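Chemist: Handing you a structure now.
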Amino acid sequence: MERRSFLRGAVIGTSAAAFGGTLWQGAATAAPAQPGTGPYGALAAADANGILLPAGFTSRVIARSGQAVPGTSYTWHSAPDGGACFTDGSGWIYVSNSEINPSGGASAVKFSSTGAVTGAYRILSGTRTNCAGGKTPWNTWLSCEEVSLGYVYETDPWGVNAAVRRDAMGRFKHEAAAADPVRKVVYLTEDETNGCLYRFIPTTWGNLSAGTLQVLVAGTATSGSFSWANVPDPDGSPTVTRSQVSGAKTFNGGEGCHYANDTVWFTTKGDNRLWQLNLASSTYELAYDDSLVTGGSAPLTGVDNVTGSSSGDLFVAEDGGNMEICVITPDDVIAPFLRISGQSGSEITGPAFSPDGKRLYFSSQRGTSGGSSGGITYEVTGPFRA
């Protein structure tokens, strides 16, 4: 994936010039795509599940909060949130957090090679407000507590090994985690209005029981160079981690985080921004900022969870907004990939691709009811770009 900024190219229904300022100066002048289009075309009418999708794509409901997962006796958790997929022989597993307090935790659904559900079970219990998290290269799921002085829990997607609390990764209002196998670190976002971006350096890669927690240090501008500094007291007491290092850069409500090819992408919900951390050059910049779109035509609002596909596309879920998952392509096109209708009191969470890249999983956290017990977890199948 090449280094890029989505402020510097074509945006659905919006020309690059609409952004103004200096962020797009010197950019290519590619013509913007037509409204409603993008790499997958326009959204069709809502299907039987209330999902608007491009031609060739179909949806199905995998699970509903408070009900048995079809084909199993396991009752799906409330308020499904962050998720990821894991290879399981010829099939796969989708794990999903539960953002309730108390008794949050996480659950998993197991699929056969044909996509049939073959099992569902609990992988983490007794925790609080498990929001997002991240997958490790050694096939565990990091489930993060989005509470003050929250912990990261390392869980087994197969439900065989007991979950382990990883104290060394710090106590703060955790949101998402993204593992970087090149630098052998894990990046962590913090959901505070003045939150920070952290990285955890394990003493031994593959073992998160011990290591060093660092925070990103940079100026107040929206682009520039950055460095890392050790957090003296990762336990966040008596001084919270985000206030321990002078010069630590603050972000307005850290949310989703994704690593790919020497780049970290992370969202901040307080200002509807997508940030880009260029690790090879130790620089950061804005990749998307809806406030720079004039005329009220921003294609993406309420930025939240983010994941990537093998094509280099990013898929960003909205917390509110139009209840869309938007795709952002390497050639700087931003467009809705799907929209959930009739669920304006909810948010989209947990986007993750199956290992073969042909299925996308995600949840509507509160469904049509607007409450945590109304969550719905979906699967979308179709001709995703390779």
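Letters A, B, ... mark the chains of the structure tokens in the order given; residue numbers begin at 1 per chain; ligand numbers begin at 1, in order shown.
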For stretch 224-232 of chain A, list every protein, DNA or RNA residue within 8 Å, evaluated using only C-alpha atoms, and leave out those in the same chain fewer than 4 positions away; present the list as a count of residues only.
Modeler: 15
Chemist: Write out as a PyMOL selection string which residues come within 12 Å of A:Val117 when counting only C-alpha atoms, dropping same-chain ones fewer than 5 positions away.
Modeler: chain A and resi 60-63+68-74+91-94+108-112+379
Chemist: Store the residues of this selection in a file with C-alpha atoms, as a short mmCIF file (atom, residue, chain, number, x, y, z; two decimals), in the first residue's frame.
Modeler:
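What ended up in again20.cif:
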data_model
loop_
_atom_site.label_atom_id
_atom_site.label_comp_id
_atom_site.auth_asym_id
_atom_site.auth_seq_id
_atom_site.Cartn_x
_atom_site.Cartn_y
_atom_site.Cartn_z
CA ARG A 60 -27.60 -12.65 5.85
CA VAL A 61 -28.12 -12.36 9.59
CA ILE A 62 -25.62 -14.42 11.56
CA ALA A 63 -26.83 -13.70 15.09
CA ALA A 68 -29.56 -18.49 20.02
CA VAL A 69 -27.13 -18.28 17.11
CA PRO A 70 -28.93 -20.22 14.31
CA GLY A 71 -27.78 -23.82 14.27
CA THR A 72 -26.48 -23.64 17.87
CA SER A 73 -27.80 -23.36 21.41
CA TYR A 74 -25.52 -20.43 22.28
CA GLY A 91 -13.25 -22.79 7.74
CA TRP A 92 -12.95 -19.72 9.94
CA ILE A 93 -14.03 -18.05 13.18
CA TYR A 94 -15.50 -14.58 13.72
CA ALA A 108 -17.17 -16.40 18.73
CA VAL A 109 -19.01 -18.02 15.80
CA LYS A 110 -17.39 -20.88 13.91
CA PHE A 111 -17.97 -21.46 10.18
CA SER A 112 -17.33 -24.39 7.85
CA GLU A 379 -22.44 -11.27 6.84
#
Chemist: Between A:Gly126, A:Asp81, A:Glu175, A:Leu43, which residue has the minimum interatomic distance to A:Glu347, considering only C-alpha atoms?
Modeler: A:Asp81
Chemist: With only C-alpha atoms as the counted atoms, please give the residues lying no more than 8 Å from A:Ser309, apart from itself and same-chain residues fewer than 4 positions off, as number ranges by chain.
Modeler: A: 313-315, 353, 357, 386
Chemist: Limited to C-alpha atoms, could you put the picked residues into a file as a PDB file, in the first residue's frame?
Modeler:
ATOM      1  CA  ASP A 313      -9.072  -0.688   0.258  1.00  0.00           C
ATOM      2  CA  LEU A 314     -10.011   0.568   3.701  1.00  0.00           C
ATOM      3  CA  PHE A 315     -13.509  -0.057   5.062  1.00  0.00           C
ATOM      4  CA  PHE A 353     -13.136 -10.028   6.327  1.00  0.00           C
ATOM      5  CA  GLY A 357     -11.638 -12.068   1.537  1.00  0.00           C
ATOM      6  CA  ALA A 386      -8.774  -8.993  -4.818  1.00  0.00           C
TER       7      ALA A 386
END
Chemist: Which polymer residues have any atom within 8 Å of an atom of stretch 324-327 of chain A, counting only C-alpha atoms, with same-chain residues fewer than 4 positions away left out, as a ChimeraX atom specification?
Modeler: /A:299-300,313-318,333-340,348
Chemist: Which stretch 194-215 of chain A residues have any atom within 10 Å of an atom of stretch 133-148 of chain A, and for each, what is the nearest pair of atoms with distance in Å to one decimal, counting only C-alpha atoms, rows sorted by chain and number, as a Markdown table?
Modeler:
| residue | atom | partner | partner_atom | distance |
| --- | --- | --- | --- | --- |
| A:Trp205 | CA | A:Trp138 | CA | 9.6 |
| A:Gly206 | CA | A:Trp138 | CA | 6.6 |
| A:Asn207 | CA | A:Trp138 | CA | 9.4 |
Chemist: Need to verify the contact set: stretch 50-54 of chain A, 8 Å, only C-alpha atoms, exclusion of same-chain residues closer than 3 positions in sequence. Can you return it as number ranges by chain?
Modeler: A: 40-47, 57-59, 337-342
Chemist: Let's have the selection written as a tab-separated table (two decimals), in the first residue's frame, with all heavy atoms.
Modeler:
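For reference, out-v9.tsv as written:
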chain	number	residue	atom	x	y	z
A	40	TYR	N	-17.54	-0.34	-6.45
A	40	TYR	CA	-18.58	-1.37	-6.50
A	40	TYR	C	-19.89	-0.86	-7.09
A	40	TYR	O	-20.85	-1.62	-7.19
A	40	TYR	CB	-18.82	-1.93	-5.10
A	40	TYR	CG	-17.61	-2.65	-4.56
A	40	TYR	CD1	-16.81	-2.07	-3.57
A	40	TYR	CD2	-17.24	-3.89	-5.05
A	40	TYR	CE1	-15.68	-2.72	-3.09
A	40	TYR	CE2	-16.12	-4.55	-4.57
A	40	TYR	CZ	-15.34	-3.96	-3.60
A	40	TYR	OH	-14.23	-4.61	-3.12
A	41	GLY	N	-19.97	0.39	-7.47
A	41	GLY	CA	-21.19	0.92	-8.06
A	41	GLY	C	-22.15	1.43	-7.02
A	41	GLY	O	-21.87	1.45	-5.81
A	42	ALA	N	-23.32	1.85	-7.49
A	42	ALA	CA	-24.33	2.46	-6.62
A	42	ALA	C	-24.99	1.42	-5.73
A	42	ALA	O	-25.00	0.22	-6.03
A	42	ALA	CB	-25.38	3.14	-7.48
A	43	LEU	N	-25.54	1.89	-4.62
A	43	LEU	CA	-26.27	1.01	-3.72
A	43	LEU	C	-27.67	0.75	-4.28
A	43	LEU	O	-28.35	1.67	-4.73
A	43	LEU	CB	-26.38	1.64	-2.33
A	43	LEU	CG	-25.08	1.98	-1.61
A	43	LEU	CD1	-25.39	2.53	-0.21
A	43	LEU	CD2	-24.16	0.77	-1.52
A	44	ALA	N	-28.08	-0.51	-4.21
A	44	ALA	CA	-29.43	-0.88	-4.64
A	44	ALA	C	-30.40	-0.66	-3.48
A	44	ALA	O	-30.01	-0.27	-2.38
A	44	ALA	CB	-29.45	-2.34	-5.10
A	45	ALA	N	-31.68	-0.95	-3.72
A	45	ALA	CA	-32.68	-0.83	-2.67
A	45	ALA	C	-32.38	-1.81	-1.55
A	45	ALA	O	-31.69	-2.83	-1.73
A	45	ALA	CB	-34.07	-1.10	-3.26
A	46	ALA	N	-32.91	-1.50	-0.36
A	46	ALA	CA	-32.67	-2.36	0.80
A	46	ALA	C	-33.18	-3.78	0.54
A	46	ALA	O	-34.26	-3.97	-0.05
A	46	ALA	CB	-33.36	-1.77	2.03
A	47	ASP	N	-32.41	-4.77	0.99
A	47	ASP	CA	-32.82	-6.16	0.85
A	47	ASP	C	-33.73	-6.55	2.01
A	47	ASP	O	-34.15	-5.70	2.81
A	47	ASP	CB	-31.61	-7.08	0.73
A	47	ASP	CG	-30.73	-7.08	1.98
A	47	ASP	OD1	-31.16	-6.57	3.04
A	47	ASP	OD2	-29.59	-7.61	1.90
A	57	PHE	N	-23.97	-8.33	-4.48
A	57	PHE	CA	-23.72	-8.62	-3.07
A	57	PHE	C	-25.02	-9.01	-2.37
A	57	PHE	O	-26.09	-8.49	-2.69
A	57	PHE	CB	-23.09	-7.42	-2.36
A	57	PHE	CG	-21.67	-7.15	-2.78
A	57	PHE	CD1	-21.40	-6.37	-3.90
A	57	PHE	CD2	-20.61	-7.68	-2.07
A	57	PHE	CE1	-20.10	-6.13	-4.29
A	57	PHE	CE2	-19.30	-7.44	-2.45
A	57	PHE	CZ	-19.04	-6.67	-3.56
A	58	THR	N	-24.91	-9.92	-1.42
A	58	THR	CA	-26.06	-10.36	-0.63
A	58	THR	C	-25.71	-10.34	0.85
A	58	THR	O	-24.53	-10.41	1.22
A	58	THR	CB	-26.50	-11.78	-1.02
A	58	THR	OG1	-25.40	-12.69	-0.82
A	58	THR	CG2	-26.95	-11.84	-2.47
A	59	SER	N	-26.72	-10.25	1.70
A	59	SER	CA	-26.50	-10.24	3.15
A	59	SER	C	-27.28	-11.36	3.82
A	59	SER	O	-28.27	-11.86	3.27
A	59	SER	CB	-26.92	-8.89	3.75
A	59	SER	OG	-28.34	-8.78	3.82
A	337	PHE	N	-20.14	1.72	0.79
A	337	PHE	CA	-20.19	0.34	0.31
A	337	PHE	C	-21.51	-0.31	0.68
A	337	PHE	O	-22.07	-1.09	-0.08
A	337	PHE	CB	-19.03	-0.48	0.87
A	337	PHE	CG	-19.21	-1.95	0.62
A	337	PHE	CD1	-19.06	-2.47	-0.66
A	337	PHE	CD2	-19.57	-2.81	1.64
A	337	PHE	CE1	-19.27	-3.82	-0.92
A	337	PHE	CE2	-19.78	-4.16	1.40
A	337	PHE	CZ	-19.63	-4.67	0.12
A	338	LEU	N	-22.02	0.00	1.87
A	338	LEU	CA	-23.32	-0.50	2.28
A	338	LEU	C	-23.96	0.48	3.24
A	338	LEU	O	-23.29	1.33	3.82
A	338	LEU	CB	-23.21	-1.90	2.92
A	338	LEU	CG	-22.47	-2.07	4.25
A	338	LEU	CD1	-23.32	-1.69	5.47
A	338	LEU	CD2	-22.02	-3.51	4.41
A	339	ARG	N	-25.27	0.36	3.39
A	339	ARG	CA	-26.01	1.19	4.33
A	339	ARG	C	-27.08	0.33	5.00
A	339	ARG	O	-27.72	-0.49	4.34
A	339	ARG	CB	-26.66	2.37	3.61
A	339	ARG	CG	-27.43	3.33	4.54
A	339	ARG	CD	-28.12	4.44	3.74
A	339	ARG	NE	-27.15	5.13	2.89
A	339	ARG	CZ	-27.39	5.49	1.63
A	339	ARG	NH1	-28.55	5.20	1.07
A	339	ARG	NH2	-26.47	6.12	0.94
A	340	ILE	N	-27.24	0.52	6.30
A	340	ILE	CA	-28.29	-0.17	7.04
A	340	ILE	C	-29.47	0.80	7.19
A	340	ILE	O	-29.29	1.91	7.69
A	340	ILE	CB	-27.81	-0.64	8.42
A	340	ILE	CG1	-26.62	-1.58	8.28
A	340	ILE	CG2	-28.94	-1.33	9.17
A	340	ILE	CD1	-26.04	-2.03	9.61
A	341	SER	N	-30.64	0.39	6.77
A	341	SER	CA	-31.81	1.25	6.86
A	341	SER	C	-32.62	0.93	8.11
A	341	SER	O	-32.60	-0.20	8.62
A	341	SER	CB	-32.69	1.09	5.62
A	341	SER	OG	-33.19	-0.24	5.53
A	342	GLY	N	-33.35	1.93	8.60
A	342	GLY	CA	-34.27	1.74	9.70
A	342	GLY	C	-33.63	1.51	11.05
A	342	GLY	O	-34.29	1.03	11.98
Chemist: Considering only strand (DSSP E or B) as DSSP defines it on the backbone, what residues of stretch 153-284 of chain A qualify? List them as a PyMOL selection string.
Modeler: chain A and resi 153-155+164-165+172+174-180+185-190+195+197-204+207-218+224-230+248+251+254-260+263-268+273-278+283-284
Chemist: With only C-alpha atoms as the counted atoms, please give the residues lying no more than 7 Å from A:Pro80, apart from itself and same-chain residues fewer than 2 positions off, as an mmCIF file with N, CA and C atoms, in the first residue's frame.
Modeler:
data_model
loop_
_atom_site.group_PDB
_atom_site.id
_atom_site.type_symbol
_atom_site.label_atom_id
_atom_site.label_comp_id
_atom_site.auth_asym_id
_atom_site.auth_seq_id
_atom_site.Cartn_x
_atom_site.Cartn_y
_atom_site.Cartn_z
ATOM 1 N N HIS A 77 -24.409 -12.390 22.498
ATOM 2 C CA HIS A 77 -24.271 -11.332 23.487
ATOM 3 C C HIS A 77 -24.932 -10.024 23.041
ATOM 4 N N SER A 78 -25.138 -9.145 23.999
ATOM 5 C CA SER A 78 -25.692 -7.815 23.732
ATOM 6 C C SER A 78 -24.599 -6.875 23.236
ATOM 7 N N SER A 96 -16.362 -11.497 18.388
ATOM 8 C CA SER A 96 -17.065 -10.230 18.565
ATOM 9 C C SER A 96 -17.101 -9.852 20.035
ATOM 10 N N ASN A 97 -16.764 -8.597 20.312
ATOM 11 C CA ASN A 97 -16.837 -8.078 21.678
ATOM 12 C C ASN A 97 -18.269 -7.731 22.069
ATOM 13 N N SER A 98 -18.478 -7.561 23.374
ATOM 14 C CA SER A 98 -19.757 -7.114 23.903
ATOM 15 C C SER A 98 -19.521 -5.840 24.708
ATOM 16 N N GLU A 99 -20.069 -4.722 24.227
ATOM 17 C CA GLU A 99 -19.816 -3.438 24.874
ATOM 18 C C GLU A 99 -20.898 -3.122 25.910
ATOM 19 N N SER A 363 -21.567 -5.733 12.670
ATOM 20 C CA SER A 363 -22.782 -5.717 13.488
ATOM 21 C C SER A 363 -23.426 -4.343 13.479
ATOM 22 N N GLN A 365 -24.933 -2.437 16.362
ATOM 23 C CA GLN A 365 -24.819 -2.691 17.793
ATOM 24 C C GLN A 365 -26.153 -2.704 18.526
ATOM 25 N N GLY A 375 -28.885 -5.930 19.301
ATOM 26 C CA GLY A 375 -27.790 -6.055 18.352
ATOM 27 C C GLY A 375 -28.015 -7.137 17.306
#
Chemist: When DSSP is applied to the backbone of this structure, which of stretch 44-267 of chain A are assigned helix (DSSP H, G or I)? Write them out as a PDB file with N, CA, C and O atoms, in the first residue's frame.
Modeler:
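The result, stored in states25.pdb:
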ATOM      1  N   ASP A 167      -1.636  -6.737  31.816  1.00  0.00           N
ATOM      2  CA  ASP A 167      -1.424  -5.500  32.561  1.00  0.00           C
ATOM      3  C   ASP A 167      -0.344  -4.610  31.965  1.00  0.00           C
ATOM      4  O   ASP A 167      -0.430  -3.377  32.035  1.00  0.00           O
ATOM      5  N   ALA A 168       0.688  -5.219  31.376  1.00  0.00           N
ATOM      6  CA  ALA A 168       1.809  -4.436  30.865  1.00  0.00           C
ATOM      7  C   ALA A 168       1.402  -3.530  29.712  1.00  0.00           C
ATOM      8  O   ALA A 168       2.120  -2.567  29.394  1.00  0.00           O
ATOM      9  N   MET A 169       0.254  -3.796  29.089  1.00  0.00           N
ATOM     10  CA  MET A 169      -0.197  -2.983  27.972  1.00  0.00           C
ATOM     11  C   MET A 169      -0.897  -1.701  28.419  1.00  0.00           C
ATOM     12  O   MET A 169      -1.388  -0.922  27.595  1.00  0.00           O
ATOM     13  N   THR A 241      -2.226   7.771  32.120  1.00  0.00           N
ATOM     14  CA  THR A 241      -1.126   7.567  31.173  1.00  0.00           C
ATOM     15  C   THR A 241      -0.990   8.732  30.190  1.00  0.00           C
ATOM     16  O   THR A 241       0.129   9.105  29.820  1.00  0.00           O
ATOM     17  N   ARG A 242      -2.104   9.311  29.762  1.00  0.00           N
ATOM     18  CA  ARG A 242      -2.046  10.359  28.747  1.00  0.00           C
ATOM     19  C   ARG A 242      -1.468  11.670  29.274  1.00  0.00           C
ATOM     20  O   ARG A 242      -1.175  12.575  28.491  1.00  0.00           O
ATOM     21  N   SER A 243      -1.297  11.772  30.594  1.00  0.00           N
ATOM     22  CA  SER A 243      -0.770  12.998  31.196  1.00  0.00           C
ATOM     23  C   SER A 243       0.631  12.827  31.761  1.00  0.00           C
ATOM     24  O   SER A 243       1.140  13.727  32.425  1.00  0.00           O
TER      25      SER A 243
END
